[in-house]
file entry.cif (mmCIF, C-alpha atoms and all ligand atoms)
data_input
#
loop_
_atom_site.label_atom_id
_atom_site.label_comp_id
_atom_site.auth_asym_id
_atom_site.auth_seq_id
_atom_site.Cartn_x
_atom_site.Cartn_y
_atom_site.Cartn_z
CA MET C 1 232.70 -31.40 20.73
CA LYS C 2 235.90 -30.56 22.51
CA GLU C 3 236.27 -27.32 20.58
CA GLU C 4 232.75 -26.25 21.53
CA ASP C 5 233.56 -26.86 25.20
CA SER C 6 236.63 -24.68 25.10
CA ILE C 7 234.68 -21.88 23.32
CA LYS C 8 232.08 -22.08 26.10
CA SER C 9 234.71 -21.86 28.83
CA VAL C 10 236.37 -18.87 27.13
CA LYS C 11 232.96 -17.14 26.99
CA ARG C 12 232.36 -17.93 30.63
CA ARG C 13 235.72 -16.56 31.63
CA THR C 14 235.17 -13.37 29.62
CA ALA C 15 231.78 -12.87 31.30
CA GLY C 16 233.41 -13.46 34.68
CA SER C 17 236.09 -10.84 34.02
CA VAL C 18 233.47 -8.28 32.92
CA VAL C 19 231.53 -8.76 36.15
CA ALA C 20 234.71 -8.56 38.24
CA LEU C 21 235.81 -5.42 36.38
CA PHE C 22 232.41 -3.85 37.00
CA PHE C 23 232.70 -4.46 40.77
CA ILE C 24 236.25 -3.19 40.95
CA LEU C 25 235.34 -0.05 38.98
CA SER C 26 232.30 0.66 41.14
CA ILE C 27 234.36 0.29 44.33
CA ILE C 28 236.97 2.68 42.92
CA ILE C 29 234.28 5.19 41.94
CA MET C 30 232.58 4.91 45.35
CA SER C 31 235.82 5.44 47.21
CA CYS C 32 236.62 8.64 45.31
CA ASP C 33 235.62 11.23 47.87
CA ARG C 34 236.53 14.83 48.26
CA GLY C 35 237.63 14.61 51.86
CA ALA C 36 237.01 12.46 54.92
CA ASN C 37 234.20 14.73 56.10
CA ASP C 38 232.46 15.11 52.78
CA PRO C 39 229.30 12.99 52.72
CA GLY C 40 229.43 12.68 48.92
CA TRP C 41 226.39 12.79 46.67
CA ASP C 42 222.80 12.67 47.86
CA TYR C 43 220.67 10.44 45.68
CA PHE C 44 217.35 10.88 47.50
CA PRO C 45 217.91 13.75 49.92
CA ASP C 46 214.22 14.13 50.87
CA MET C 47 214.60 12.53 54.29
CA ALA C 48 218.20 13.48 54.97
CA TYR C 49 217.48 17.10 55.79
CA SER C 50 214.76 18.03 58.26
CA PRO C 51 212.85 21.18 57.31
CA ALA C 52 212.30 21.89 61.03
CA TYR C 53 214.73 24.18 62.85
CA ARG C 54 217.19 22.34 65.02
CA THR C 55 217.53 23.18 68.72
CA TRP C 56 220.71 25.20 68.35
CA SER C 57 220.29 26.43 64.77
CA ASP C 58 219.79 30.06 63.76
CA ASN C 59 216.19 31.03 63.43
CA PRO C 60 215.07 34.11 61.51
CA VAL C 61 211.51 33.81 62.86
CA LEU C 62 212.20 33.96 66.57
CA GLU C 63 213.65 36.51 68.95
CA ASN C 64 217.42 37.06 68.82
CA ASN C 65 217.66 34.66 65.89
CA MET C 66 217.59 31.74 68.37
CA THR C 67 215.57 28.55 68.09
CA MET C 68 216.16 27.53 71.70
CA LEU C 69 214.52 30.20 73.87
CA SER C 70 214.72 30.42 77.65
CA PRO C 71 211.57 29.39 79.52
CA VAL C 72 209.20 32.15 80.46
CA LYS C 73 210.13 33.63 83.83
CA GLY C 74 208.38 31.95 86.74
CA THR C 75 207.41 28.81 84.84
CA ILE C 76 208.50 25.29 85.81
CA PRO C 77 208.80 22.14 83.72
CA ARG C 78 205.78 19.86 83.65
CA ASN C 79 205.61 17.40 86.57
CA MET C 80 208.40 19.24 88.34
CA ILE C 81 207.22 20.91 91.51
CA PRO C 82 210.19 22.51 93.24
CA PHE C 83 210.90 21.39 96.77
CA GLN C 84 210.69 24.64 98.65
CA TYR C 85 212.77 23.83 101.68
CA GLU C 86 216.32 24.59 102.73
CA ARG C 87 218.77 22.04 104.03
CA THR C 88 218.40 23.17 107.64
CA LEU C 89 217.07 21.56 110.80
CA GLU C 90 214.30 24.17 111.03
CA ASP C 91 213.13 23.29 107.55
CA GLN C 92 213.31 19.58 108.34
CA VAL C 93 210.87 20.23 111.19
CA ARG C 94 208.73 22.52 109.02
CA ALA C 95 208.52 19.88 106.27
CA GLY C 96 207.32 17.44 108.91
CA LEU C 97 204.47 19.77 109.82
CA GLU C 98 203.48 20.77 106.33
CA LEU C 99 203.88 17.71 104.15
CA VAL C 100 201.61 14.70 104.13
CA ASN C 101 202.53 11.39 102.60
CA PRO C 102 200.15 11.22 99.62
CA PHE C 103 200.39 7.44 99.35
CA GLU C 104 198.54 4.89 101.39
CA TYR C 105 199.80 1.72 102.98
CA SER C 106 198.93 -0.61 100.13
CA VAL C 107 200.84 -3.80 99.36
CA GLY C 108 201.94 -2.37 95.99
CA ASN C 109 203.23 0.89 97.48
CA ILE C 110 205.13 -0.88 100.25
CA GLU C 111 206.63 -3.36 97.78
CA ARG C 112 207.75 -0.48 95.60
CA GLY C 113 209.21 1.28 98.65
CA LYS C 114 211.17 -1.85 99.49
CA VAL C 115 212.66 -2.03 96.00
CA ALA C 116 213.72 1.62 96.18
CA TYR C 117 215.02 1.29 99.75
CA ASN C 118 217.12 -1.72 98.78
CA VAL C 119 218.60 0.18 95.86
CA PHE C 120 219.20 3.58 97.47
CA CYS C 121 219.39 3.21 101.25
CA MET C 122 220.28 -0.36 102.22
CA ASN C 123 223.98 -0.06 101.40
CA CYS C 124 224.36 2.43 104.23
CA HIS C 125 221.38 1.96 106.52
CA GLY C 126 221.31 -1.84 106.39
CA GLU C 127 218.70 -4.37 105.38
CA SER C 128 216.88 -4.03 108.70
CA GLY C 129 217.42 -0.26 108.96
CA ASP C 130 219.81 -0.43 111.93
CA GLY C 131 222.53 1.59 110.20
CA LEU C 132 224.84 -1.38 109.69
CA GLY C 133 224.84 -1.45 105.92
CA TYR C 134 227.58 -3.12 103.93
CA LEU C 135 229.31 0.13 102.97
CA PHE C 136 229.81 0.90 106.66
CA THR C 137 230.58 -2.62 107.98
CA SER C 138 233.10 -3.20 105.20
CA GLY C 139 234.92 -0.04 106.23
CA ARG C 140 234.39 1.72 102.91
CA TYR C 141 232.14 4.39 104.40
CA LEU C 142 233.56 5.87 107.57
CA VAL C 143 230.66 7.79 109.12
CA PRO C 144 228.14 5.57 110.93
CA PRO C 145 224.76 5.91 109.17
CA SER C 146 221.86 6.60 111.54
CA SER C 147 219.49 3.84 112.45
CA VAL C 148 216.17 4.51 110.76
CA VAL C 149 214.40 2.27 113.27
CA ASP C 150 215.39 4.09 116.46
CA GLU C 151 213.04 6.19 118.57
CA LYS C 152 214.11 9.47 116.99
CA ILE C 153 213.18 8.45 113.46
CA LYS C 154 210.10 6.57 114.64
CA ALA C 155 208.84 9.80 116.15
CA GLN C 156 209.76 11.93 113.13
CA PRO C 157 206.88 12.85 110.82
CA ASP C 158 206.94 11.52 107.26
CA GLY C 159 207.60 14.99 105.89
CA SER C 160 210.85 15.28 107.87
CA ILE C 161 212.14 11.98 106.53
CA TYR C 162 211.08 13.12 103.07
CA HIS C 163 213.16 16.24 103.68
CA THR C 164 216.14 14.10 104.73
CA ILE C 165 215.89 11.89 101.64
CA SER C 166 215.43 14.85 99.32
CA LEU C 167 218.08 17.24 100.62
CA GLY C 168 220.31 15.00 102.74
CA TYR C 169 221.17 15.29 106.41
CA GLY C 170 224.59 15.95 107.97
CA VAL C 171 227.05 13.99 105.87
CA MET C 172 224.29 12.08 104.08
CA ALA C 173 223.99 13.38 100.53
CA GLU C 174 220.81 14.58 98.82
CA HIS C 175 218.85 11.97 96.90
CA ALA C 176 216.35 14.24 95.12
CA SER C 177 218.21 13.90 91.85
CA LEU C 178 218.22 10.11 92.13
CA ILE C 179 214.83 9.08 93.45
CA LEU C 180 211.42 10.03 92.07
CA PRO C 181 209.26 11.93 94.59
CA GLU C 182 206.68 9.14 94.67
CA ASP C 183 209.37 6.57 95.39
CA ARG C 184 210.69 8.72 98.26
CA TRP C 185 207.25 8.63 99.88
CA LYS C 186 206.95 4.89 99.29
CA ILE C 187 210.36 4.29 100.88
CA ILE C 188 208.94 5.95 104.00
CA LEU C 189 205.88 3.66 103.94
CA TYR C 190 208.22 0.69 103.71
CA ILE C 191 210.43 1.91 106.58
CA ARG C 192 207.36 2.42 108.80
CA GLU C 193 205.54 -0.75 107.94
CA GLU C 194 208.30 -3.30 107.52
CA LEU C 195 211.37 -1.94 109.33
CA GLN C 196 209.93 0.03 112.23
CA GLY C 197 206.96 -2.28 112.34
CA GLU C 198 204.69 0.56 113.31
CA ARG C 199 202.31 2.62 111.36
CA PHE C 200 202.17 6.04 112.92
CA GLU C 201 198.92 7.83 112.31
CA LEU C 202 200.38 10.63 114.38
CA HIS C 203 202.80 11.32 111.58
CA TYR C 204 200.07 13.31 109.98
CA PRO C 205 200.13 16.90 111.13
CA GLU C 206 197.14 18.08 113.06
CA GLU C 207 197.50 21.68 112.23
CA GLY C 208 199.07 23.81 109.59
CA MET C 209 198.32 23.67 105.95
CA PRO C 210 198.74 20.08 104.89
CA PHE C 211 199.32 19.83 101.19
CA VAL C 212 200.52 17.12 98.93
CA ALA C 213 204.01 17.90 97.75
CA ASP C 214 205.43 16.79 94.43
C1 LIG M 1 226.09 6.76 101.45
C2 LIG M 1 225.42 6.39 102.67
C3 LIG M 1 223.96 6.73 102.84
C4 LIG M 1 222.91 6.49 102.00
C5 LIG M 1 222.95 5.85 100.62
C6 LIG M 1 221.73 6.94 102.68
N1 LIG M 1 222.05 7.47 103.89
FE1 LIG M 1 220.77 8.16 105.26
N2 LIG M 1 222.31 8.70 106.46
C7 LIG M 1 223.64 8.41 106.21
C8 LIG M 1 224.44 8.95 107.28
C9 LIG M 1 225.94 8.83 107.37
C10 LIG M 1 223.57 9.57 108.17
C11 LIG M 1 223.94 10.34 109.44
C12 LIG M 1 224.32 11.73 109.01
C13 LIG M 1 224.86 12.58 110.11
O1 LIG M 1 224.48 12.35 111.27
O2 LIG M 1 225.66 13.47 109.80
C14 LIG M 1 222.23 9.38 107.64
C15 LIG M 1 221.06 9.82 108.25
C16 LIG M 1 219.79 9.45 107.88
C17 LIG M 1 218.58 9.70 108.62
C18 LIG M 1 218.50 10.40 109.98
C19 LIG M 1 218.18 11.86 109.84
C20 LIG M 1 217.92 12.50 111.17
O3 LIG M 1 217.04 13.38 111.24
O4 LIG M 1 218.59 12.14 112.17
C21 LIG M 1 217.55 9.17 107.92
C22 LIG M 1 216.08 9.16 108.30
C23 LIG M 1 218.12 8.61 106.70
N3 LIG M 1 219.47 8.81 106.70
C24 LIG M 1 217.36 7.98 105.73
C25 LIG M 1 217.90 7.54 104.54
C26 LIG M 1 217.10 6.97 103.47
C27 LIG M 1 215.60 6.74 103.54
C28 LIG M 1 217.96 6.67 102.46
C29 LIG M 1 217.63 6.12 101.11
C30 LIG M 1 216.82 6.94 100.30
C31 LIG M 1 219.31 7.04 102.90
N4 LIG M 1 219.22 7.56 104.16
C32 LIG M 1 220.44 6.84 102.14
C33 LIG M 1 224.13 7.74 105.12
C34 LIG M 1 223.40 7.34 104.03
#

call {"tool": "encode", "arguments": {"input": "entry.cif", "output": "structure tokens"}}
result
Amino acid sequence: MKEEDSIKSVKRRTAGSVVALFFILSIIIMSCDRGANDPGWDYFPDMAYSPAYRTWSDNPVLENNMTMLSPVKGTIPRNMIPFQYERTLEDQVRAGLELVNPFEYSVGNIERGKVAYNVFCMNCHGESGDGLGYLFTSGRYLVPPSSVVDEKIKAQPDGSIYHTISLGYGVMAEHASLILPEDRWKIILYIREELQGERFELHYPEEGMPFVAD
């Protein structure tokens, strides 16, 4: 009985060593590479290599052997309508005459405008629009931001404020690269409705060619 037990345990140990040896050997084999940058063997390479040309790869089919071609002259990316105004006072006035806010005073639009105002404008212009935002009152921003609720801005057409947000004004930086066009218009709805407390129908130009900008 005892002898049988010891034979069994010897067999078990031998089996254990074979398994251990197998693991050790496979780890050694796996770690044999030809260099740190060599990916080793491909077992099923079907999905590892895309048959499509990559953006920057050579391309025998296209012009100049380039996959990435420049856009056709005069074309613009989808949904990107360039803002055709300069950062000048004349153009701020012109934008006020030519551009119409394409969004209406709906609860959803004003709510959205508030969210965007609180993210992008409140730090400087203040929660109530008086220009006393935290960046200024804490002394971190030295130039006093304008009040957006004073008579000047109340009387300014939507398009001029849109111009200010998009291209900046004086020391205020441009925000076109930060805020979607639709959110810029909604910020204006919010400023009018909630901060200025007045909805100015006269902000819509009476003459000129009103068109809906981007
Ligand atoms: C980093 C601070 C800062 C931020 C952020 C900022 N502004 Fe200004 N803004 C200013 C300053 C400063 C002025 C005054 C510039 C000057 O007079 O040189 C100004 C001026 C203005 C004016 C007055 C323009 C005029 O015709 O007199 C309006 C309107 C305005 N900002 C709206 C906004 C709106 C809307 C936002 C958010 C999208 C915004 N600003 C974000 C600092 C800021």

call {"tool": "axis_aligned_box", "arguments": {"input": "entry.cif", "around": "range 137-152 of chain C", "padding_each_side": "4 Å", "output": "lines of an AutoDock Vina configuration file"}}
result
center_x = 224.0
center_y = 3.1
center_z = 110.7
size_x = 29.9
size_y = 20.7
size_z = 23.7

call {"tool": "residues_near_ligand", "arguments": {"input": "entry.cif", "ligand": "ligand LIG 1 (chain M)", "cutoff": "6 Å", "atoms": "only C-alpha atoms and all ligand atoms", "output": "ChimeraX atom specification"}}
result
/C:117,120-121,124,143-146,148,153,161,164-165,169-172

call {"tool": "write_last_selection", "arguments": {"input": "entry.cif", "atoms": "C-alpha atoms", "output": "CSV table (one decimal), in the coordinates of the input"}}
result
chain,number,residue,atom,x,y,z
C,117,TYR,CA,215.0,1.3,99.8
C,120,PHE,CA,219.2,3.6,97.5
C,121,CYS,CA,219.4,3.2,101.2
C,124,CYS,CA,224.4,2.4,104.2
C,143,VAL,CA,230.7,7.8,109.1
C,144,PRO,CA,228.1,5.6,110.9
C,145,PRO,CA,224.8,5.9,109.2
C,146,SER,CA,221.9,6.6,111.5
C,148,VAL,CA,216.2,4.5,110.8
C,153,ILE,CA,213.2,8.4,113.5
C,161,ILE,CA,212.1,12.0,106.5
C,164,THR,CA,216.1,14.1,104.7
C,165,ILE,CA,215.9,11.9,101.6
C,169,TYR,CA,221.2,15.3,106.4
C,170,GLY,CA,224.6,16.0,108.0
C,171,VAL,CA,227.0,14.0,105.9
C,172,MET,CA,224.3,12.1,104.1

call {"tool": "closest_residue", "arguments": {"input": "entry.cif", "among": "C:Met80, C:Met47, C:Lys154, C:Leu189", "to": "Ser106 in chain C", "atoms": "only C-alpha atoms"}}
result
C:Leu189

call {"tool": "residues_around", "arguments": {"input": "entry.cif", "residues": "range 18-30 of chain C", "least_positions_apart": "6", "cutoff": "12 Å", "atoms": "all atoms listed in the file", "output": "list in words"}}
result
Lys11, Arg12, Pro39, Gly40 and Trp41 of chain C

call {"tool": "residues_around", "arguments": {"input": "entry.cif", "residues": "Ser160 in chain C", "least_positions_apart": "2", "cutoff": "12 Å", "atoms": "only C-alpha atoms", "output": "PDB file with C-alpha atoms, in the coordinates of the input"}}
result
ATOM      1  CA  TYR C  85     212.770  23.830 101.680  1.00  0.00           C
ATOM      2  CA  GLU C  86     216.320  24.590 102.730  1.00  0.00           C
ATOM      3  CA  ARG C  87     218.770  22.040 104.030  1.00  0.00           C
ATOM      4  CA  THR C  88     218.400  23.170 107.640  1.00  0.00           C
ATOM      5  CA  LEU C  89     217.070  21.560 110.800  1.00  0.00           C
ATOM      6  CA  GLU C  90     214.300  24.170 111.030  1.00  0.00           C
ATOM      7  CA  ASP C  91     213.130  23.290 107.550  1.00  0.00           C
ATOM      8  CA  GLN C  92     213.310  19.580 108.340  1.00  0.00           C
ATOM      9  CA  VAL C  93     210.870  20.230 111.190  1.00  0.00           C
ATOM     10  CA  ARG C  94     208.730  22.520 109.020  1.00  0.00           C
ATOM     11  CA  ALA C  95     208.520  19.880 106.270  1.00  0.00           C
ATOM     12  CA  GLY C  96     207.320  17.440 108.910  1.00  0.00           C
ATOM     13  CA  LEU C  97     204.470  19.770 109.820  1.00  0.00           C
ATOM     14  CA  GLU C  98     203.480  20.770 106.330  1.00  0.00           C
ATOM     15  CA  LEU C  99     203.880  17.710 104.150  1.00  0.00           C
ATOM     16  CA  VAL C 100     201.610  14.700 104.130  1.00  0.00           C
ATOM     17  CA  ASN C 101     202.530  11.390 102.600  1.00  0.00           C
ATOM     18  CA  LYS C 152     214.110   9.470 116.990  1.00  0.00           C
ATOM     19  CA  ILE C 153     213.180   8.450 113.460  1.00  0.00           C
ATOM     20  CA  LYS C 154     210.100   6.570 114.640  1.00  0.00           C
ATOM     21  CA  ALA C 155     208.840   9.800 116.150  1.00  0.00           C
ATOM     22  CA  GLN C 156     209.760  11.930 113.130  1.00  0.00           C
ATOM     23  CA  PRO C 157     206.880  12.850 110.820  1.00  0.00           C
ATOM     24  CA  ASP C 158     206.940  11.520 107.260  1.00  0.00           C
ATOM     25  CA  TYR C 162     211.080  13.120 103.070  1.00  0.00           C
ATOM     26  CA  HIS C 163     213.160  16.240 103.680  1.00  0.00           C
ATOM     27  CA  THR C 164     216.140  14.100 104.730  1.00  0.00           C
ATOM     28  CA  ILE C 165     215.890  11.890 101.640  1.00  0.00           C
ATOM     29  CA  SER C 166     215.430  14.850  99.320  1.00  0.00           C
ATOM     30  CA  LEU C 167     218.080  17.240 100.620  1.00  0.00           C
ATOM     31  CA  GLY C 168     220.310  15.000 102.740  1.00  0.00           C
ATOM     32  CA  TYR C 169     221.170  15.290 106.410  1.00  0.00           C
ATOM     33  CA  ARG C 184     210.690   8.720  98.260  1.00  0.00           C
ATOM     34  CA  TRP C 185     207.250   8.630  99.880  1.00  0.00           C
ATOM     35  CA  ILE C 188     208.940   5.950 104.000  1.00  0.00           C
ATOM     36  CA  HIS C 203     202.800  11.320 111.580  1.00  0.00           C
ATOM     37  CA  TYR C 204     200.070  13.310 109.980  1.00  0.00           C
ATOM     38  CA  PRO C 205     200.130  16.900 111.130  1.00  0.00           C
TER      39      PRO C 205
END

call {"tool": "atom_distance", "arguments": {"input": "entry.cif", "atom1": "CA of Pro82 in chain C", "atom2": "CA of Gly113 in chain C"}}
result
21.9 Å

call {"tool": "atom_distance", "arguments": {"input": "entry.cif", "atom1": "CA of Tyr43 in chain C", "atom2": "CA of Ser31 in chain C"}}
result
16.0 Å

call {"tool": "closest_residue", "arguments": {"input": "entry.cif", "among": "C:Val61, C:Val149, C:Ala52, C:Met66", "to": "Tyr190 in chain C", "atoms": "only C-alpha atoms"}}
result
C:Val149

call {"tool": "atom_distance", "arguments": {"input": "entry.cif", "atom1": "CA of Ser147 in chain C", "atom2": "CA of His125 in chain C"}}
result
6.5 Å

call {"tool": "closest_residue", "arguments": {"input": "entry.cif", "among": "C:Phe136, C:Ala173, C:Tyr105, C:Leu142", "to": "Ile191 in chain C", "atoms": "all atoms listed in the file"}}
result
C:Tyr105

call {"tool": "closest_residue", "arguments": {"input": "entry.cif", "among": "C:Leu195, C:Val72, C:Met122, C:Ala36", "to": "Ile110 in chain C", "atoms": "all atoms listed in the file"}}
result
C:Leu195

call {"tool": "residues_around", "arguments": {"input": "entry.cif", "residues": "Asp183 in chain C", "least_positions_apart": "2", "cutoff": "8 Å", "atoms": "all atoms listed in the file", "output": "PyMOL selection string"}}
result
chain C and resi 112-113+116+179-181+185-187

call {"tool": "build_atoms", "arguments": {"input": "entry.cif", "residues": "range 32-67 of chain C", "atoms": "N, CA and C atoms", "output": "short mmCIF file (atom, residue, chain, number, x, y, z; two decimals), in the coordinates of the input"}}
result
data_model
loop_
_atom_site.label_atom_id
_atom_site.label_comp_id
_atom_site.auth_asym_id
_atom_site.auth_seq_id
_atom_site.Cartn_x
_atom_site.Cartn_y
_atom_site.Cartn_z
N CYS C 32 236.07 7.33 45.67
CA CYS C 32 236.62 8.64 45.31
C CYS C 32 235.88 9.70 46.08
N ASP C 33 236.35 10.14 47.22
CA ASP C 33 235.62 11.23 47.87
C ASP C 33 236.49 12.47 47.93
N ARG C 34 235.82 13.56 48.31
CA ARG C 34 236.53 14.83 48.26
C ARG C 34 237.22 15.15 49.58
N GLY C 35 237.04 14.34 50.55
CA GLY C 35 237.63 14.61 51.86
C GLY C 35 236.92 13.70 52.85
N ALA C 36 237.58 13.41 53.97
CA ALA C 36 237.01 12.46 54.92
C ALA C 36 235.66 12.92 55.44
N ASN C 37 235.44 14.24 55.52
CA ASN C 37 234.20 14.73 56.10
C ASN C 37 233.12 15.04 55.06
N ASP C 38 233.45 14.80 53.81
CA ASP C 38 232.46 15.11 52.78
C ASP C 38 231.53 13.92 52.62
N PRO C 39 230.22 14.13 52.79
CA PRO C 39 229.30 12.99 52.72
C PRO C 39 229.08 12.48 51.29
N GLY C 40 229.60 13.16 50.29
CA GLY C 40 229.43 12.68 48.92
C GLY C 40 228.12 13.13 48.33
N TRP C 41 227.64 12.38 47.34
CA TRP C 41 226.39 12.79 46.67
C TRP C 41 225.17 12.32 47.42
N ASP C 42 224.10 13.10 47.35
CA ASP C 42 222.80 12.67 47.86
C ASP C 42 221.99 12.16 46.69
N TYR C 43 221.52 10.93 46.77
CA TYR C 43 220.67 10.44 45.68
C TYR C 43 219.21 10.80 45.93
N PHE C 44 218.73 10.52 47.15
CA PHE C 44 217.35 10.88 47.50
C PHE C 44 217.39 11.69 48.79
N PRO C 45 217.64 12.97 48.69
CA PRO C 45 217.91 13.75 49.92
C PRO C 45 216.66 14.09 50.72
N ASP C 46 215.47 13.67 50.24
CA ASP C 46 214.22 14.13 50.87
C ASP C 46 214.20 13.94 52.39
N MET C 47 214.70 12.78 52.86
CA MET C 47 214.60 12.53 54.29
C MET C 47 215.89 12.84 55.04
N ALA C 48 216.92 13.24 54.31
CA ALA C 48 218.20 13.48 54.97
C ALA C 48 218.21 14.82 55.70
N TYR C 49 217.46 15.78 55.18
CA TYR C 49 217.48 17.10 55.79
C TYR C 49 216.12 17.45 56.33
N SER C 50 216.04 17.70 57.66
CA SER C 50 214.76 18.03 58.26
C SER C 50 214.43 19.49 57.98
N PRO C 51 213.21 19.77 57.54
CA PRO C 51 212.85 21.18 57.31
C PRO C 51 212.67 21.94 58.62
N ALA C 52 212.50 21.21 59.74
CA ALA C 52 212.30 21.89 61.03
C ALA C 52 213.61 22.51 61.50
N TYR C 53 213.52 23.59 62.28
CA TYR C 53 214.73 24.18 62.85
C TYR C 53 215.29 23.26 63.92
N ARG C 54 216.58 23.14 63.96
CA ARG C 54 217.19 22.34 65.02
C ARG C 54 217.36 23.19 66.27
N THR C 55 217.49 22.49 67.43
CA THR C 55 217.53 23.18 68.72
C THR C 55 218.50 24.36 68.73
N TRP C 56 219.69 24.15 68.23
CA TRP C 56 220.71 25.20 68.35
C TRP C 56 220.92 25.98 67.05
N SER C 57 220.05 25.73 66.04
CA SER C 57 220.29 26.43 64.77
C SER C 57 219.76 27.86 64.81
N ASP C 58 220.28 28.69 63.89
CA ASP C 58 219.79 30.06 63.76
C ASP C 58 218.32 30.01 63.37
N ASN C 59 217.61 31.04 63.74
CA ASN C 59 216.19 31.03 63.43
C ASN C 59 215.72 32.45 63.13
N PRO C 60 215.45 32.74 61.87
CA PRO C 60 215.07 34.11 61.51
C PRO C 60 213.70 34.50 62.05
N VAL C 61 212.89 33.51 62.46
CA VAL C 61 211.51 33.81 62.86
C VAL C 61 211.44 34.26 64.31
N LEU C 62 212.32 33.69 65.14
CA LEU C 62 212.20 33.96 66.57
C LEU C 62 213.17 35.04 67.05
N GLU C 63 212.88 35.46 68.27
CA GLU C 63 213.65 36.51 68.95
C GLU C 63 215.16 36.21 68.95
N ASN C 64 215.96 37.19 68.77
CA ASN C 64 217.42 37.06 68.82
C ASN C 64 217.98 36.00 67.87
N ASN C 65 217.19 35.63 66.87
CA ASN C 65 217.66 34.66 65.89
C ASN C 65 217.95 33.29 66.52
N MET C 66 217.29 33.00 67.67
CA MET C 66 217.59 31.74 68.37
C MET C 66 216.40 30.81 68.31
N THR C 67 216.66 29.53 68.05
CA THR C 67 215.57 28.55 68.09
C THR C 67 215.26 28.17 69.53
#
